[in-house]
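Peer 1: Got a structure for you, written out below as structure tokens; questions coming shortly.
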Amino acid sequence: MGSVVKIAACHCSPVYLDASATTQKALSLIDKAADASAALVCFPEVYIPGFPIFAAVFAPVDQTGSALYTRYVQQSIYADGSEIASLRDKARERGIAVSIGFSERSRRSIGCAWNSNIVISETGMVLAHHRKLAPTYWEKLVWAPGDGAGLVVNETARAGRVGALICGENTNPLARFAMMAQAEQVHVACFPPAWPTKRQAGYANRTANAVRGAAHSFEAKCFTVVVAAHYDEETKRIVAGDNEDARKCLDNATQAATQFFGPDGIQFGDERVDEEGIAYADCDLGMCLNGKQLHDVVGGYQVSGALLCL
């Protein structure tokens with residue numbers, strides 16, 4: 001494995017609530033990233049079948065028995081289903097590692113779903129299957145809590161040691177430390193296209209996600225890929241329908257950015273915000289080791305801190 005690797009981040013919209021079409025789009029994006037010589041291609045949070053933003057803009061009583069919730073669960077996919085199998089085949093065919101978020105269905109309950117992320121190796125092997133530890137805020141109306149089984153970092157053939165956390169988990173110190181303590185070199189932080197929290201003002205996605213990405217990179221001395229979906233008009237149309245209040249709320253929710261941060265916490269490489277497409281960055285993995293001499297919170301610096309507390 002060379003020291004400098006190219007990483008791709010897909011700042012792209014899904015074909016909202018269409019798992020099959022979104023999977024086909026993902027396969028095409030993997031091809032594009034491989035053609036650009038990327039070693040790892042990253043997709044946003046629950047890219048398949050898209051983010052359940054309807055849970056933010058409609059009250060729970062309006063969602064009970066709603067067509068959007070029903071359609072969302074029906075378009076969620078199985079971790080051992082055909083969609084993931086096709087992604088694994090494509091990763092093996094193109095020799096590229098893949099990190100992708102998906103809404104995962106349960107084979108034990110027709111209504112249970114998880115916010116999940118899977119990391120696939122260049123040989124098509126599943127390296128990590130992670131279910132979001134705790135759904136955030138209104139996400140609890142859609143997803144069940146996950147567990148810590150997927151908090152693992154794995155060696156890839158070309159992209160170094162890769163780990164991934166989902167959205168708010170990148171604010172969780174213990175979850176982040178679990179990844180740092182496994183010698184993480186590339187951290188995938190996947191996010192939704194927007195995060196409605198108020199009707200009149202949008203959540204500052206770019207700032208909030210940049211703070212988290214830079215902080216993790218600086219503390220872990222790793223590269224962080226902040227990858228968010230593109231917030232397209234079709235998603236808003238499907239979610240809001242003819243409800244003007246819902247549409248205003250969606251319009252006030254600002255577009256999240258896709259960005260890269262180095263082990264020094266400094267942003268570099270491409271950035272995507274309003275324009276859909278693939279962002280790229282060339283990452284010198286040697287910088288991860290160099291930074292440890294200054295500040296290694298899971299090595300000598302952690303031991304020193306522990307002794308000071310005694």
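Letters for chains follow the order of the structure tokens (A, B, ...), residue numbers begin at 1 for each chain, and ligand numbers begin at 1 in the order shown.
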Listing only residues of segment 155-264 of chain A within 8 Å of segment 48-60 of chain A, what is the closest atom pair and its distance in Å (to one decimal) for each, using only C-alpha atoms, sorted by chain and residue number ascending, as CSV?
Peer 2:
```
residue,atom,partner,partner_atom,distance
A:Pro192,CA,A:Phe51,CA,6.3
A:Pro193,CA,A:Phe51,CA,7.7
A:Trp195,CA,A:Ile53,CA,7.7
A:Pro196,CA,A:Ala56,CA,6.2
A:Thr197,CA,A:Ala56,CA,7.3
A:Val239,CA,A:Phe54,CA,5.7
A:Ala240,CA,A:Phe54,CA,7.7
A:Ala246,CA,A:Val57,CA,5.6
A:Cys249,CA,A:Val57,CA,6.6
A:Leu250,CA,A:Val57,CA,7.5
```
Peer 1: Where does DSSP see strand (DSSP E or B) in segment 38-171 of chain A, if you list the residues as a PDB file with C-alpha atoms, in the first residue's frame?
Peer 2:
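Below is the file that was written, selection.pdb:
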```pdb
ATOM      1  CA  LEU A  40     -12.214   4.174  -1.212  1.00  0.00           C
ATOM      2  CA  VAL A  41     -15.618   5.567  -2.164  1.00  0.00           C
ATOM      3  CA  CYS A  42     -17.927   6.868   0.579  1.00  0.00           C
ATOM      4  CA  ILE A  48     -30.446   3.703   0.286  1.00  0.00           C
ATOM      5  CA  ILE A  77     -33.133  -3.231   2.534  1.00  0.00           C
ATOM      6  CA  ALA A  97     -13.376  -0.271  -0.954  1.00  0.00           C
ATOM      7  CA  VAL A  98     -16.895   1.059  -0.302  1.00  0.00           C
ATOM      8  CA  SER A  99     -18.608   2.656   2.705  1.00  0.00           C
ATOM      9  CA  ILE A 100     -22.358   3.117   2.301  1.00  0.00           C
ATOM     10  CA  GLY A 101     -25.281   3.951   4.556  1.00  0.00           C
ATOM     11  CA  PHE A 102     -28.637   2.205   4.262  1.00  0.00           C
ATOM     12  CA  SER A 103     -31.889   1.798   6.137  1.00  0.00           C
ATOM     13  CA  GLU A 104     -31.791  -1.835   7.205  1.00  0.00           C
ATOM     14  CA  ARG A 105     -34.886  -4.026   7.490  1.00  0.00           C
ATOM     15  CA  ALA A 113     -35.501  -0.937  10.877  1.00  0.00           C
ATOM     16  CA  TRP A 114     -32.044   0.354  11.747  1.00  0.00           C
ATOM     17  CA  ASN A 115     -29.888   3.203  10.523  1.00  0.00           C
ATOM     18  CA  SER A 116     -26.924   1.173   9.271  1.00  0.00           C
ATOM     19  CA  ASN A 117     -23.598   1.527   7.503  1.00  0.00           C
ATOM     20  CA  ILE A 118     -21.511  -1.148   5.831  1.00  0.00           C
ATOM     21  CA  VAL A 119     -17.845  -1.095   4.833  1.00  0.00           C
ATOM     22  CA  ILE A 120     -16.885  -3.417   1.990  1.00  0.00           C
ATOM     23  CA  VAL A 126     -17.996  -7.123   4.460  1.00  0.00           C
ATOM     24  CA  LEU A 127     -15.497  -5.602   6.887  1.00  0.00           C
ATOM     25  CA  ALA A 128     -17.936  -3.779   9.169  1.00  0.00           C
ATOM     26  CA  HIS A 129     -21.712  -3.752   9.568  1.00  0.00           C
ATOM     27  CA  HIS A 130     -22.703  -1.030  12.013  1.00  0.00           C
ATOM     28  CA  ARG A 131     -26.148  -0.065  13.318  1.00  0.00           C
ATOM     29  CA  ASN A 154     -10.495  -2.638   9.490  1.00  0.00           C
ATOM     30  CA  GLU A 155      -7.420  -2.774   7.293  1.00  0.00           C
ATOM     31  CA  ARG A 161      -7.357   1.378   8.294  1.00  0.00           C
ATOM     32  CA  VAL A 162     -10.948   2.534   7.766  1.00  0.00           C
ATOM     33  CA  GLY A 163     -13.695   3.153  10.324  1.00  0.00           C
ATOM     34  CA  ALA A 164     -17.135   4.762  10.067  1.00  0.00           C
ATOM     35  CA  LEU A 165     -19.634   6.472  12.354  1.00  0.00           C
ATOM     36  CA  ILE A 166     -23.112   7.718  11.530  1.00  0.00           C
TER      37      ILE A 166
END
```
Peer 1: Work out how far apart atom CA of Asp242 of chain A and atom CA of Leu17 of chain A are and give it in Å to one decimal.
Peer 2: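 These two atoms are separated by 18.0 Å.
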Peer 1: Taking only residues of segment 108-213 of chain A that have an atom at most 12 Å from an atom of segment 276-291 of chain A, what is each one's shortest atom pair and its distance in Å to one decimal, using only C-alpha atoms, in chain and number order, as JSON lines?
Peer 2:
```
{"residue": "A:Arg158", "atom": "CA", "partner": "A:Leu285", "partner_atom": "CA", "distance": 10.6}
{"residue": "A:Ala159", "atom": "CA", "partner": "A:Leu285", "partner_atom": "CA", "distance": 8.5}
{"residue": "A:Gly160", "atom": "CA", "partner": "A:Leu285", "partner_atom": "CA", "distance": 7.4}
{"residue": "A:Arg161", "atom": "CA", "partner": "A:Leu285", "partner_atom": "CA", "distance": 9.6}
{"residue": "A:Val162", "atom": "CA", "partner": "A:Leu285", "partner_atom": "CA", "distance": 11.4}
{"residue": "A:Met180", "atom": "CA", "partner": "A:Cys288", "partner_atom": "CA", "distance": 11.4}
{"residue": "A:Ala183", "atom": "CA", "partner": "A:Cys288", "partner_atom": "CA", "distance": 9.5}
{"residue": "A:Glu184", "atom": "CA", "partner": "A:Cys288", "partner_atom": "CA", "distance": 8.9}
{"residue": "A:Gln185", "atom": "CA", "partner": "A:Cys288", "partner_atom": "CA", "distance": 6.4}
{"residue": "A:Val186", "atom": "CA", "partner": "A:Leu285", "partner_atom": "CA", "distance": 8.4}
{"residue": "A:His187", "atom": "CA", "partner": "A:Cys288", "partner_atom": "CA", "distance": 11.6}
{"residue": "A:Pro193", "atom": "CA", "partner": "A:Glu276", "partner_atom": "CA", "distance": 11.1}
```
Peer 1: If you keep N, CA and C atoms, can you produce a file of those selected residues as an mmCIF file, in the first residue's frame?
Peer 2:
```cif
data_model
loop_
_atom_site.group_PDB
_atom_site.id
_atom_site.type_symbol
_atom_site.label_atom_id
_atom_site.label_comp_id
_atom_site.auth_asym_id
_atom_site.auth_seq_id
_atom_site.Cartn_x
_atom_site.Cartn_y
_atom_site.Cartn_z
ATOM 1 N N ARG A 158 -5.835 -0.886 0.061
ATOM 2 C CA ARG A 158 -5.317 0.338 -0.555
ATOM 3 C C ARG A 158 -5.568 1.610 0.242
ATOM 4 N N ALA A 159 -6.579 1.626 1.100
ATOM 5 C CA ALA A 159 -6.988 2.867 1.758
ATOM 6 C C ALA A 159 -6.633 2.933 3.236
ATOM 7 N N GLY A 160 -5.784 2.026 3.700
ATOM 8 C CA GLY A 160 -5.388 2.055 5.103
ATOM 9 C C GLY A 160 -6.450 1.480 6.017
ATOM 10 N N ARG A 161 -6.422 1.881 7.288
ATOM 11 C CA ARG A 161 -7.357 1.378 8.294
ATOM 12 C C ARG A 161 -8.570 2.303 8.344
ATOM 13 N N VAL A 162 -9.734 1.741 7.978
ATOM 14 C CA VAL A 162 -10.948 2.534 7.766
ATOM 15 C C VAL A 162 -11.992 2.217 8.838
ATOM 16 N N MET A 180 -10.676 5.515 17.471
ATOM 17 C CA MET A 180 -9.282 5.961 17.609
ATOM 18 C C MET A 180 -8.403 4.848 18.164
ATOM 19 N N ALA A 183 -6.416 2.217 15.920
ATOM 20 C CA ALA A 183 -5.426 2.716 14.958
ATOM 21 C C ALA A 183 -6.071 3.174 13.653
ATOM 22 N N GLU A 184 -7.181 3.899 13.771
ATOM 23 C CA GLU A 184 -7.908 4.395 12.604
ATOM 24 C C GLU A 184 -7.059 5.396 11.821
ATOM 25 N N GLN A 185 -7.045 5.253 10.506
ATOM 26 C CA GLN A 185 -6.340 6.190 9.630
ATOM 27 C C GLN A 185 -7.300 7.013 8.772
ATOM 28 N N VAL A 186 -8.417 6.398 8.371
ATOM 29 C CA VAL A 186 -9.440 7.093 7.587
ATOM 30 C C VAL A 186 -10.778 6.910 8.290
ATOM 31 N N HIS A 187 -11.387 8.025 8.645
ATOM 32 C CA HIS A 187 -12.663 7.995 9.351
ATOM 33 C C HIS A 187 -13.759 8.514 8.427
ATOM 34 N N PRO A 193 -28.757 14.966 4.117
ATOM 35 C CA PRO A 193 -28.647 16.177 3.304
ATOM 36 C C PRO A 193 -29.026 17.435 4.063
#
```
Peer 1: From a backbone DSSP assignment, name each residue in segment 14-236 of chain A labelled helix (DSSP H, G or I), as a PyMOL selection string.
Peer 2: chain A and resi 19-35+54-57+60-63+67-75+82-94+137-141+148-150+167-171+173-180+205-220+233-236
Peer 1: From the options A:Val297, A:Ala39, A:Val4, A:Cys112, which residue's atoms come nearest to Lys140 of chain A, counting only C-alpha atoms?
Peer 2: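 Ranking A:Val297, A:Ala39, A:Val4, A:Cys112 by distance to Lys140 of chain A, first place goes to A:Cys112.
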Peer 1: What are the closest atom pairs, with distances in Å to one decimal, for each residue of segment 228-294 of chain A lying within 8 Å of segment 203-218 of chain A, using only C-alpha atoms, rows by chain and rising residue number, as a tab-separated table?
Peer 2:
```
residue	atom	partner	partner_atom	distance
A:Ala253	CA	A:Tyr203	CA	6.2
A:Thr254	CA	A:Tyr203	CA	6.5
A:Gln255	CA	A:Asn205	CA	6.9
A:Ala256	CA	A:Asn205	CA	4.9
A:Ala257	CA	A:Arg206	CA	5.3
A:Gln259	CA	A:Ala210	CA	7.6
A:Phe260	CA	A:Gly213	CA	7.9
A:Phe261	CA	A:Ala214	CA	5.8
A:Gly262	CA	A:Ser217	CA	6.1
A:Pro263	CA	A:Ser217	CA	4.9
A:Asp264	CA	A:Phe218	CA	5.2
A:Gly265	CA	A:Ala214	CA	4.5
A:Ile266	CA	A:Ala214	CA	6.6
A:Gln267	CA	A:Ala214	CA	7.4
```
Peer 1: Just C-alpha atoms for this one: save the residues we selected as an mmCIF file, in the first residue's frame.
Peer 2:
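And here's again.cif as it stands now:
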```cif
data_model
loop_
_atom_site.group_PDB
_atom_site.id
_atom_site.type_symbol
_atom_site.label_atom_id
_atom_site.label_comp_id
_atom_site.auth_asym_id
_atom_site.auth_seq_id
_atom_site.Cartn_x
_atom_site.Cartn_y
_atom_site.Cartn_z
ATOM 1 C CA ALA A 253 -33.298 23.332 6.233
ATOM 2 C CA THR A 254 -29.907 24.160 4.765
ATOM 3 C CA GLN A 255 -27.880 21.840 2.549
ATOM 4 C CA ALA A 256 -25.113 19.921 4.326
ATOM 5 C CA ALA A 257 -21.588 19.958 2.875
ATOM 6 C CA GLN A 259 -15.667 17.922 3.051
ATOM 7 C CA PHE A 260 -12.285 16.410 3.941
ATOM 8 C CA PHE A 261 -10.097 17.071 6.982
ATOM 9 C CA GLY A 262 -6.468 16.069 7.540
ATOM 10 C CA PRO A 263 -4.746 14.811 10.718
ATOM 11 C CA ASP A 264 -3.915 18.437 11.533
ATOM 12 C CA GLY A 265 -7.636 19.284 11.606
ATOM 13 C CA ILE A 266 -7.341 21.474 8.509
ATOM 14 C CA GLN A 267 -9.836 21.176 5.648
#
```
Peer 1: So, counting only C-alpha atoms, which residue among A:Ser66, A:Asp270, A:Val73, A:Thr123 is closest to Asp89 of chain A?
Peer 2: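 Among A:Ser66, A:Asp270, A:Val73, A:Thr123, it is A:Thr123 that comes nearest to Asp89 of chain A.
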